[in-house]
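Structure below is entry_1.txt: compact mmCIF, C-alpha atoms and all ligand atoms.
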```
# COMPACT_ATOMS: atom_id res chain seq x y z
CA MET A 1 103.28 115.90 132.17
CA ASN A 2 102.20 115.22 135.71
CA ARG A 3 100.77 111.96 137.01
CA HIS A 4 97.59 112.36 134.95
CA LEU A 5 97.02 112.20 131.20
CA ILE A 6 94.17 114.57 130.53
CA SER A 7 95.17 116.47 127.43
CA ALA A 8 97.55 115.82 124.53
CA ALA A 9 98.44 119.51 124.79
CA ASP A 10 100.10 118.78 128.17
CA LEU A 11 102.60 116.36 126.62
CA SER A 12 106.08 117.68 125.95
CA LEU A 13 108.03 116.27 123.01
CA ASP A 14 110.05 114.13 125.45
CA ASP A 15 106.89 112.79 127.11
CA ALA A 16 105.30 111.91 123.78
CA VAL A 17 108.45 110.25 122.43
CA ALA A 18 108.89 108.28 125.68
CA ILE A 19 105.33 106.94 125.32
CA LEU A 20 105.80 106.02 121.64
CA ASP A 21 109.19 104.36 122.28
CA THR A 22 107.81 102.37 125.23
CA ALA A 23 104.80 101.34 123.13
CA GLU A 24 107.18 100.10 120.42
CA GLU A 25 108.96 97.96 123.01
CA LEU A 26 105.65 96.66 124.36
CA ALA A 27 104.29 95.89 120.88
CA HIS A 28 106.87 93.08 120.67
CA LEU A 29 105.39 91.55 123.81
CA ALA A 30 102.24 90.66 121.88
CA GLU A 31 104.34 88.36 119.68
CA ARG A 32 105.39 86.22 122.70
CA PRO A 33 103.60 83.00 123.62
CA ILE A 34 102.40 84.59 126.88
CA PRO A 35 101.88 88.29 126.10
CA LYS A 36 101.94 89.44 129.71
CA LEU A 37 104.29 91.29 132.10
CA PRO A 38 104.04 91.30 135.91
CA THR A 39 104.89 95.03 136.10
CA LEU A 40 101.59 96.31 137.53
CA ARG A 41 100.80 93.31 139.69
CA GLY A 42 98.85 94.47 142.77
CA ARG A 43 97.80 97.75 141.11
CA THR A 44 94.14 98.48 140.40
CA VAL A 45 92.92 100.19 137.24
CA VAL A 46 89.29 101.31 137.14
CA ASN A 47 87.58 101.87 133.79
CA LEU A 48 84.94 104.49 134.52
CA PHE A 49 82.79 104.79 131.39
CA TYR A 50 79.85 107.18 131.37
CA GLU A 51 79.56 107.05 127.58
CA ASP A 52 79.24 104.16 125.16
CA SER A 53 82.48 102.68 123.96
CA THR A 54 83.63 99.47 122.34
CA ARG A 55 87.26 99.67 121.36
CA THR A 56 88.56 102.20 123.89
CA ARG A 57 87.23 100.38 126.95
CA ILE A 58 88.30 96.97 125.72
CA SER A 59 91.69 98.36 124.72
CA PHE A 60 92.37 99.84 128.17
CA GLU A 61 91.19 96.61 129.78
CA ALA A 62 93.51 94.50 127.60
CA ALA A 63 96.41 96.90 128.25
CA ALA A 64 95.98 96.82 132.03
CA LYS A 65 95.60 93.02 132.06
CA ARG A 66 98.72 92.49 129.93
CA LEU A 67 100.61 94.41 132.62
CA SER A 68 98.98 92.18 135.30
CA ALA A 69 96.96 94.98 136.94
CA ASP A 70 93.58 94.22 138.50
CA VAL A 71 90.84 95.78 136.37
CA ILE A 72 87.46 96.99 137.56
CA ASN A 73 85.00 97.92 134.82
CA PHE A 74 82.42 100.47 135.82
CA SER A 75 79.74 101.59 133.41
CA ALA A 76 77.25 104.27 134.37
CA LYS A 77 74.36 102.16 133.12
CA GLY A 78 73.30 99.79 135.87
CA SER A 79 75.32 101.62 138.56
CA SER A 80 74.36 104.11 141.27
CA VAL A 81 74.87 106.86 138.68
CA ALA A 82 71.49 105.77 137.31
CA LYS A 83 70.19 106.53 140.85
CA GLY A 84 71.57 110.08 140.66
CA GLU A 85 75.00 109.67 142.25
CA SER A 86 77.35 112.54 141.39
CA LEU A 87 80.75 112.16 139.74
CA LYS A 88 82.32 113.32 143.00
CA ASP A 89 80.64 110.63 145.10
CA THR A 90 81.56 107.97 142.55
CA ALA A 91 85.14 109.28 142.64
CA LEU A 92 85.24 109.09 146.44
CA THR A 93 83.98 105.51 146.28
CA LEU A 94 86.75 104.58 143.83
CA GLN A 95 89.26 106.37 146.04
CA ALA A 96 88.08 104.34 149.03
CA MET A 97 88.62 101.16 147.01
CA GLY A 98 92.20 102.17 146.33
CA ALA A 99 92.19 102.75 142.57
CA ASP A 100 95.73 103.43 141.32
CA ALA A 101 94.45 104.68 137.98
CA VAL A 102 91.03 105.79 136.81
CA VAL A 103 90.43 105.67 133.07
CA VAL A 104 87.46 107.93 132.46
CA ARG A 105 85.15 108.57 129.53
CA HIS A 106 82.45 111.18 130.03
CA SER A 107 80.10 113.18 127.83
CA ALA A 108 81.05 116.38 129.71
CA SER A 109 84.20 118.13 128.53
CA GLY A 110 86.37 118.71 131.60
CA ALA A 111 85.08 115.74 133.67
CA PRO A 112 88.55 114.05 133.89
CA HIS A 113 90.05 117.34 135.05
CA ARG A 114 87.51 117.54 137.90
CA LEU A 115 88.02 113.90 138.77
CA ALA A 116 91.76 114.45 139.12
CA ARG A 117 91.08 116.74 142.08
CA TRP A 118 89.16 114.06 143.97
CA VAL A 119 91.27 110.94 143.54
CA SER A 120 94.85 110.33 144.56
CA GLY A 121 95.58 107.90 141.71
CA SER A 122 96.34 108.78 138.09
CA VAL A 123 93.48 109.94 135.90
CA ILE A 124 93.60 109.01 132.22
CA ASN A 125 91.20 110.73 129.87
CA ALA A 126 89.57 108.20 127.55
CA GLY A 127 87.48 110.90 125.84
CA ASP A 128 85.63 113.83 127.43
CA GLY A 129 82.76 115.38 125.48
CA THR A 130 84.11 117.34 122.52
CA HIS A 131 87.37 118.15 124.32
CA GLU A 132 90.17 115.56 124.09
CA HIS A 133 91.05 111.91 123.62
CA PRO A 134 94.82 111.84 124.15
CA THR A 135 95.44 108.08 123.92
CA GLN A 136 93.68 108.00 120.55
CA ALA A 137 96.06 110.69 119.25
CA LEU A 138 99.02 108.76 120.68
CA LEU A 139 97.96 105.53 118.99
CA ASP A 140 97.41 107.44 115.75
CA ALA A 141 100.92 108.95 115.96
CA PHE A 142 102.31 105.49 116.76
CA THR A 143 100.54 104.04 113.68
CA MET A 144 101.92 106.83 111.47
CA ARG A 145 105.41 106.25 112.84
CA ARG A 146 105.25 102.50 112.21
CA ARG A 147 103.91 102.89 108.67
CA LEU A 148 105.70 106.02 107.45
CA GLY A 149 108.25 107.17 110.03
CA GLY A 150 107.93 110.65 111.52
CA PRO A 151 105.39 111.97 112.45
CA ASP A 152 107.98 114.76 112.19
CA GLY A 153 107.52 116.29 108.71
CA LEU A 154 104.42 114.28 107.73
CA ARG A 155 101.51 116.12 106.12
CA VAL A 156 98.36 114.96 107.90
CA THR A 157 94.86 115.83 106.65
CA ILE A 158 92.01 115.38 109.13
CA VAL A 159 88.57 115.36 107.51
CA GLY A 160 85.02 115.53 108.81
CA ASP A 161 83.16 116.60 111.92
CA ILE A 162 85.98 118.56 113.56
CA LEU A 163 83.53 120.57 115.67
CA HIS A 164 82.46 117.57 117.77
CA SER A 165 85.69 115.59 117.55
CA ARG A 166 87.92 115.13 120.59
CA VAL A 167 90.07 112.92 118.36
CA ALA A 168 90.77 115.87 116.02
CA ARG A 169 91.64 118.20 118.91
CA SER A 170 94.06 115.78 120.54
CA ASN A 171 95.65 114.99 117.18
CA VAL A 172 96.16 118.65 116.30
CA TRP A 173 98.01 119.28 119.58
CA LEU A 174 100.05 116.11 119.63
CA LEU A 175 101.02 116.27 115.96
CA ARG A 176 102.14 119.87 116.37
CA THR A 177 104.38 118.75 119.26
CA LEU A 178 105.75 115.89 117.15
CA GLY A 179 106.47 118.18 114.18
CA ALA A 180 103.78 117.15 111.66
CA GLU A 181 101.86 119.62 109.48
CA VAL A 182 98.10 119.31 109.97
CA THR A 183 95.34 120.46 107.59
CA LEU A 184 91.70 120.25 108.62
CA VAL A 185 89.03 119.73 105.96
CA ALA A 186 85.35 120.17 106.86
CA PRO A 187 82.24 122.09 105.94
CA PRO A 188 82.42 125.53 107.65
CA THR A 189 79.53 124.53 109.93
CA LEU A 190 81.56 121.61 111.33
CA LEU A 191 84.62 123.67 112.30
CA PRO A 192 84.90 125.30 115.73
CA VAL A 193 84.90 129.11 115.83
CA ALA A 194 88.28 129.07 117.62
CA VAL A 195 89.96 127.02 114.89
CA ASP A 196 91.92 130.12 113.75
CA GLY A 197 93.97 129.83 116.95
CA TRP A 198 94.84 126.15 116.39
CA PRO A 199 98.29 125.20 115.09
CA CYS A 200 97.04 123.91 111.72
CA SER A 201 95.63 125.10 108.42
CA VAL A 202 92.06 124.76 107.15
CA SER A 203 90.74 123.88 103.70
CA TYR A 204 87.23 123.45 102.33
CA ASP A 205 88.44 121.71 99.20
CA PHE A 206 89.19 118.05 99.95
CA ASP A 207 90.39 117.15 96.43
CA SER A 208 93.02 119.89 96.37
CA VAL A 209 94.81 118.73 99.55
CA LEU A 210 94.85 114.99 98.76
CA PRO A 211 97.88 114.95 96.41
CA ALA A 212 99.99 116.60 99.14
CA SER A 213 98.87 114.35 102.03
CA ASP A 214 100.92 111.55 103.59
CA VAL A 215 98.06 110.65 105.94
CA VAL A 216 94.30 111.16 105.61
CA MET A 217 92.34 110.72 108.81
CA MET A 218 88.60 110.37 108.29
CA LEU A 219 86.21 111.24 111.13
CA ARG A 220 82.68 110.12 111.80
CA VAL A 221 79.81 112.62 111.72
CA GLN A 222 78.77 112.62 115.39
CA HIS A 223 75.00 112.80 115.04
CA GLU A 224 74.55 112.06 118.74
CA ARG A 225 76.20 115.40 119.63
CA MET A 226 74.21 117.45 117.08
CA SER A 227 71.11 119.37 118.01
CA ASP A 228 70.75 121.00 114.58
CA ALA A 229 71.25 120.19 110.91
CA PHE A 230 74.90 121.00 110.07
CA PHE A 231 74.68 120.09 106.38
CA PRO A 232 71.86 119.69 103.84
CA SER A 233 71.88 115.89 103.59
CA VAL A 234 74.08 112.86 104.29
CA ARG A 235 74.35 112.31 100.54
CA GLU A 236 75.59 115.84 99.98
CA TYR A 237 78.08 115.52 102.84
CA SER A 238 79.37 112.25 101.52
CA ARG A 239 79.81 113.65 98.00
CA ARG A 240 81.92 116.59 99.20
CA TYR A 241 83.72 115.21 102.23
CA GLY A 242 83.57 111.43 101.94
CA LEU A 243 86.58 109.37 100.87
CA ASP A 244 85.74 107.01 98.01
CA GLY A 245 87.94 105.09 95.59
CA ASP A 246 88.20 107.96 93.08
CA ARG A 247 89.37 110.40 95.73
CA MET A 248 91.76 107.86 97.21
CA ALA A 249 93.41 107.65 93.77
CA LEU A 250 94.47 111.31 94.18
CA LEU A 251 96.73 110.38 97.11
CA PRO A 252 100.46 109.76 96.66
CA ASP A 253 101.34 106.05 96.49
CA HIS A 254 102.76 105.86 100.01
CA ALA A 255 99.84 107.65 101.72
CA ILE A 256 97.75 105.90 104.37
CA VAL A 257 94.09 106.23 105.37
CA MET A 258 93.18 106.27 109.05
CA HIS A 259 89.91 106.25 111.01
CA PRO A 260 89.51 106.07 114.82
CA GLY A 261 86.27 104.08 114.51
CA PRO A 262 83.41 103.55 114.76
CA MET A 263 83.05 104.04 110.99
CA ASN A 264 79.96 104.87 109.02
CA ARG A 265 80.74 102.99 105.84
CA GLY A 266 79.28 104.76 102.83
CA VAL A 267 79.12 108.12 104.63
CA GLU A 268 82.61 109.45 105.44
CA ILE A 269 84.45 106.42 104.06
CA ALA A 270 83.56 103.98 101.26
CA ALA A 271 83.91 100.25 101.96
CA GLU A 272 86.53 99.90 99.19
CA VAL A 273 88.69 102.49 101.02
CA ALA A 274 88.16 101.06 104.51
CA ASP A 275 89.17 97.61 103.28
CA SER A 276 92.06 98.73 101.05
CA PRO A 277 95.75 98.07 101.83
CA ARG A 278 96.19 101.81 102.54
CA SER A 279 93.74 101.57 105.43
CA THR A 280 95.32 101.29 108.90
CA ILE A 281 92.01 100.98 110.74
CA VAL A 282 92.60 97.50 112.16
CA GLU A 283 96.27 98.28 112.94
CA GLN A 284 95.13 101.32 114.90
CA VAL A 285 93.12 99.03 117.18
CA THR A 286 96.10 96.72 117.72
CA ASN A 287 98.43 99.66 118.31
CA GLY A 288 95.97 101.13 120.79
CA VAL A 289 96.70 98.32 123.24
CA SER A 290 100.49 98.88 123.08
CA VAL A 291 100.13 102.64 123.49
CA ARG A 292 97.75 102.30 126.44
CA MET A 293 100.09 99.78 128.06
CA ALA A 294 102.89 102.34 127.67
CA VAL A 295 100.78 105.07 129.28
CA LEU A 296 99.75 102.85 132.21
CA TYR A 297 103.32 101.63 132.60
CA LEU A 298 104.86 105.10 132.60
CA LEU A 299 102.22 106.59 134.91
CA LEU A 300 101.94 103.74 137.39
CA SER A 301 105.31 102.07 137.66
CA GLY A 302 107.07 105.33 138.67
CA SER A 303 107.38 106.53 142.24
CA ARG A 304 104.44 108.28 143.86
CA GLU A 305 106.79 111.04 145.19
CA HIS A 306 108.27 111.67 141.76
CA ASP A 307 105.26 111.66 139.53
CA GLY A 308 105.69 112.51 135.92
CA LEU A 309 107.00 111.26 132.65
CA GLY A 310 109.22 114.33 132.50
CA GLU A 311 111.59 112.82 135.09
CA HIS A 312 112.68 109.76 133.20
CA GLY A 313 115.78 109.22 135.30
CA VAL A 314 113.70 108.81 138.41
CA ALA A 315 110.97 106.83 136.65
CA GLU A 316 113.58 104.52 135.20
CA LYS A 317 115.21 103.87 138.57
CA ASP A 318 111.84 103.19 140.15
CA ALA A 319 110.88 100.89 137.30
CA GLU A 320 114.13 99.01 137.76
CA LYS A 321 113.48 98.62 141.48
CA HIS A 322 109.96 97.46 140.70
CA ALA A 323 111.25 95.03 138.09
CA ALA A 324 113.79 93.64 140.57
CA GLY A 325 110.94 93.12 143.04
CA ASN A 326 108.96 91.30 140.40
CA ARG A 327 111.89 89.11 139.51
CA GLU A 328 111.95 88.07 143.18
CA ALA A 329 108.20 87.63 143.20
CA ASP A 330 108.49 85.55 140.05
CA LYS A 331 110.92 83.04 141.53
CA PRO A 332 108.38 80.40 142.54
CA GLU A 333 107.08 80.46 138.97
CA ALA A 334 110.52 80.05 137.45
CA GLY A 335 109.80 76.53 136.27
CA LYS A 336 106.51 77.47 134.63
CA ARG A 337 106.21 77.93 130.90
CA GLY A 338 106.90 81.48 129.81
CA ALA A 339 108.17 82.78 133.18
CA GLY A 340 111.69 83.35 131.85
CA LYS A 341 110.25 85.11 128.82
CA ARG A 342 108.29 87.46 131.00
CA ARG A 343 111.39 88.44 132.93
CA ALA A 344 113.34 88.97 129.73
CA GLY A 345 110.53 91.14 128.36
CA GLU A 346 110.57 93.16 131.51
CA ARG A 347 114.27 93.91 131.26
CA GLU A 348 113.75 95.26 127.75
CA LEU A 349 110.84 97.34 128.97
CA VAL A 350 112.89 98.91 131.76
CA ALA A 351 115.53 99.75 129.18
CA ALA A 352 112.82 101.49 127.15
CA GLY A 353 111.84 103.82 130.00
CA GLY A 354 113.51 106.97 128.74
CA ASN A 355 116.79 105.50 127.44
CA PRO A 356 118.29 108.30 125.34
CA SER A 357 119.76 105.78 122.90
CA ARG A 358 116.29 104.77 121.75
CA PRO A 359 115.20 106.25 118.42
CA ARG A 360 113.40 109.57 118.62
CA THR A 361 110.48 110.34 116.32
CA GLY A 362 112.53 112.83 114.36
CA ALA A 363 115.31 110.28 113.84
CA ARG A 364 113.05 107.83 112.06
CA THR A 365 113.39 107.70 108.32
CA ARG A 366 110.37 108.40 106.13
CA GLY A 367 108.81 105.64 104.11
CA PRO A 368 108.92 105.57 100.32
CA ALA A 369 107.91 108.97 98.98
C1 LIG A 401 86.11 108.22 118.93
C2 LIG A 401 85.55 108.81 120.21
O1 LIG A 401 84.89 108.14 120.98
O2 LIG A 401 85.80 109.99 120.39
N1 LIG A 401 86.18 106.83 118.91
C3 LIG A 401 87.12 106.13 119.59
O3 LIG A 401 87.50 106.44 120.69
N2 LIG A 401 87.66 105.09 118.96
C4 LIG A 401 85.52 108.79 117.73
C5 LIG A 401 84.05 108.65 117.49
O4 LIG A 401 83.26 108.33 118.36
O5 LIG A 401 83.65 108.92 116.34
```

Represent the structure of the file as structure tokens.
Amino acid sequence: MNRHLISAADLSLDDAVAILDTAEELAHLAERPIPKLPTLRGRTVVNLFYEDSTRTRISFEAAAKRLSADVINFSAKGSSVAKGESLKDTALTLQAMGADAVVVRHSASGAPHRLARWVSGSVINAGDGTHEHPTQALLDAFTMRRRLGGPDGLRVTIVGDILHSRVARSNVWLLRTLGAEVTLVAPPTLLPVAVDGWPCSVSYDFDSVLPASDVVMMLRVQHERMSDAFFPSVREYSRRYGLDGDRMALLPDHAIVMHPGPMNRGVEIAAEVADSPRSTIVEQVTNGVSVRMAVLYLLLSGSREHDGLGEHGVAEKDAEKHAAGNREADKPEAGKRGAGKRRAGERELVAAGGNPSRPRTGARTRGPA
């Protein structure tokens, strides 16, 4: 991985495990009285959202703020984009303002890739068209790991509108890297033509794959991206591809039900399933903050000359130097409540930056079978 996070397919196993391990370390921060680290103090993170979003934008904002970065929220509505400004000119404006990271969501697949050519900071893809949504896949993998171990060896079934889902694409690539077995379930009209080349299997029979699934990930039907009718009726879709209580009963006892949100209750997922103890939907939101903190931390606290999560040794040394600087910067605050805790948290975090003694995904034990 270079200094950007544009596609889950670009993540090596080491990169992905480093992000998940760092997120695990950072998740403990939320339990502290002051859930904040000074690590990205003085850095600027811009949230550049050209598409509607609730949880992803808020999640990135919370993640950046917990690392003490300055956050600028930019939404296309009400900006010069509404006056016809191009992505390039917006990018050059952000560049001139000294953005260290640009978190971008755009309806055009490939927009983050273009943006990365125009800005010198890190570009993080927060969802581009029907292409990818790598931090969603990372938070999903993190949730699986916390609940069940793995994802190495887990059997993950992803169900619904695969054709329009960047979440499905990113999950297929990341889960392959992490050693999970993925099965996609959808009506033939909601599967991409190129799905034969993806590292996963395909089934049209939801009921038959449920007994062999450790994880079922339900996806929303993305009506806003559809120009045609892809199935006869919502009722028909729901009957064949929706997860209700009866279908959930076909799952093994340990299996979990995931959904990236926003959900259409009663369409792809029944309320009794969404609110059941198997559902990880709310945990996924919480985990999203830890994972996005890990991504920002690993991309931004390393050296500009040695970009990349692949060079953990270098990133770790830089992070240590940065942490030492912060400890100095923290001195005047030493007497304040929580200052000591922040420094302690930071030491743990530095230790998490690629320490080979930290558990790897494959080393985790599986939950009850
Ligand atoms: C997803 C997205 O935007 O791609 N949501 C999210 O990021 N939590 C999925 C969706 O919109 O259905």

Where does chain A meet ligand LIG 401 (chain A) within 9 Å, residue by residue, with the nearest atom pair and distance in Å to one decimal for each, counting all atoms listed in the file, listed by chain and rising number, as CSV?
```
residue,atom,partner,partner_atom,distance
A:Glu51,CA,A:LIG401,O1,8.6
A:Asp52,CA,A:LIG401,O1,8.1
A:Ser53,CA,A:LIG401,O1,6.7
A:Thr54,CA,A:LIG401,N2,7.7
A:Arg55,CA,A:LIG401,N2,5.9
A:Thr56,CA,A:LIG401,O3,5.4
A:Arg57,CA,A:LIG401,O3,8.7
A:Arg105,CA,A:LIG401,O1,8.6
A:Ala126,CA,A:LIG401,O3,7.4
A:Gly127,CA,A:LIG401,O2,5.8
A:Asp128,CA,A:LIG401,O2,8.0
A:Gly129,CA,A:LIG401,O2,8.0
A:Thr130,CA,A:LIG401,O2,7.8
A:Glu132,CA,A:LIG401,O2,8.0
A:His133,CA,A:LIG401,O2,6.5
A:Thr135,CA,A:LIG401,O3,8.7
A:Gln136,CA,A:LIG401,O3,6.4
A:Asp161,CA,A:LIG401,O5,8.9
A:His164,CA,A:LIG401,O2,8.7
A:Ser165,CA,A:LIG401,O2,6.3
A:Arg166,CA,A:LIG401,O2,5.6
A:Val167,CA,A:LIG401,O2,5.6
A:Ala168,CA,A:LIG401,O2,8.9
A:Leu219,CA,A:LIG401,O5,6.3
A:Arg220,CA,A:LIG401,O5,4.8
A:Val221,CA,A:LIG401,O5,7.1
A:Gln222,CA,A:LIG401,O5,6.2
A:His259,CA,A:LIG401,N2,8.3
A:Pro260,CA,A:LIG401,N2,4.6
A:Gly261,CA,A:LIG401,N2,4.8
A:Pro262,CA,A:LIG401,O5,5.6
A:Met263,CA,A:LIG401,O5,7.3
A:Val285,CA,A:LIG401,N2,8.3
```

### Closest of A:Ile19, A:Leu250, A:Val202, A:Ala180 to Leu296 of chain A - atom-to-atom distances counting all atoms listed in the file
A:Ile19

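If you count only C-alpha atoms and ignore residues fewer than 4 places along the chain from Asn47 of chain A, what sits within 9 Å of it is Arg57, Phe60, Glu61, Val71, Ile72, Asn73, Phe74, Ser75, Ala101, Val102, Val103, Val104 and Arg105 of chain A.
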
Preceding selection exported with C-alpha atoms as a PDB file, keeping the file's coordinate frame:
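The resulting file, selection-v8.pdb, is shown below:
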```pdb
ATOM      1  CA  ARG A  57      87.230 100.380 126.950  1.00  0.00           C
ATOM      2  CA  PHE A  60      92.370  99.840 128.170  1.00  0.00           C
ATOM      3  CA  GLU A  61      91.190  96.610 129.780  1.00  0.00           C
ATOM      4  CA  VAL A  71      90.840  95.780 136.370  1.00  0.00           C
ATOM      5  CA  ILE A  72      87.460  96.990 137.560  1.00  0.00           C
ATOM      6  CA  ASN A  73      85.000  97.920 134.820  1.00  0.00           C
ATOM      7  CA  PHE A  74      82.420 100.470 135.820  1.00  0.00           C
ATOM      8  CA  SER A  75      79.740 101.590 133.410  1.00  0.00           C
ATOM      9  CA  ALA A 101      94.450 104.680 137.980  1.00  0.00           C
ATOM     10  CA  VAL A 102      91.030 105.790 136.810  1.00  0.00           C
ATOM     11  CA  VAL A 103      90.430 105.670 133.070  1.00  0.00           C
ATOM     12  CA  VAL A 104      87.460 107.930 132.460  1.00  0.00           C
ATOM     13  CA  ARG A 105      85.150 108.570 129.530  1.00  0.00           C
TER      14      ARG A 105
END
```

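The residue set within 8 Å of Trp118 of chain A, counting all atoms listed in the file and dropping same-chain residues fewer than 2 places from it, reads Lys88, Ala91, Leu92, Gln95, Arg114, Leu115, Ala116 and Ser120 of chain A.
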
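Note that the spacing between atom CA of Phe206 of chain A and atom CA of Ala8 of chain A amounts to 26.1 Å.
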
### Summary
In Å and to one decimal, atom CA of Gly242 of chain A is distant from atom CA of Arg265 of chain A by 9.7 Å

### Message
Can you tell me which residues surround Tyr204 of chain A at a distance of at most 9 Å, considering only C-alpha atoms, apart from same-chain residues fewer than 5 positions away, and format the answer as a list in words?
### Response
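Final neighbour list, sorted by chain and number: Leu184, Val185, Ala186, Pro187, Pro188 and Tyr241 of chain A.
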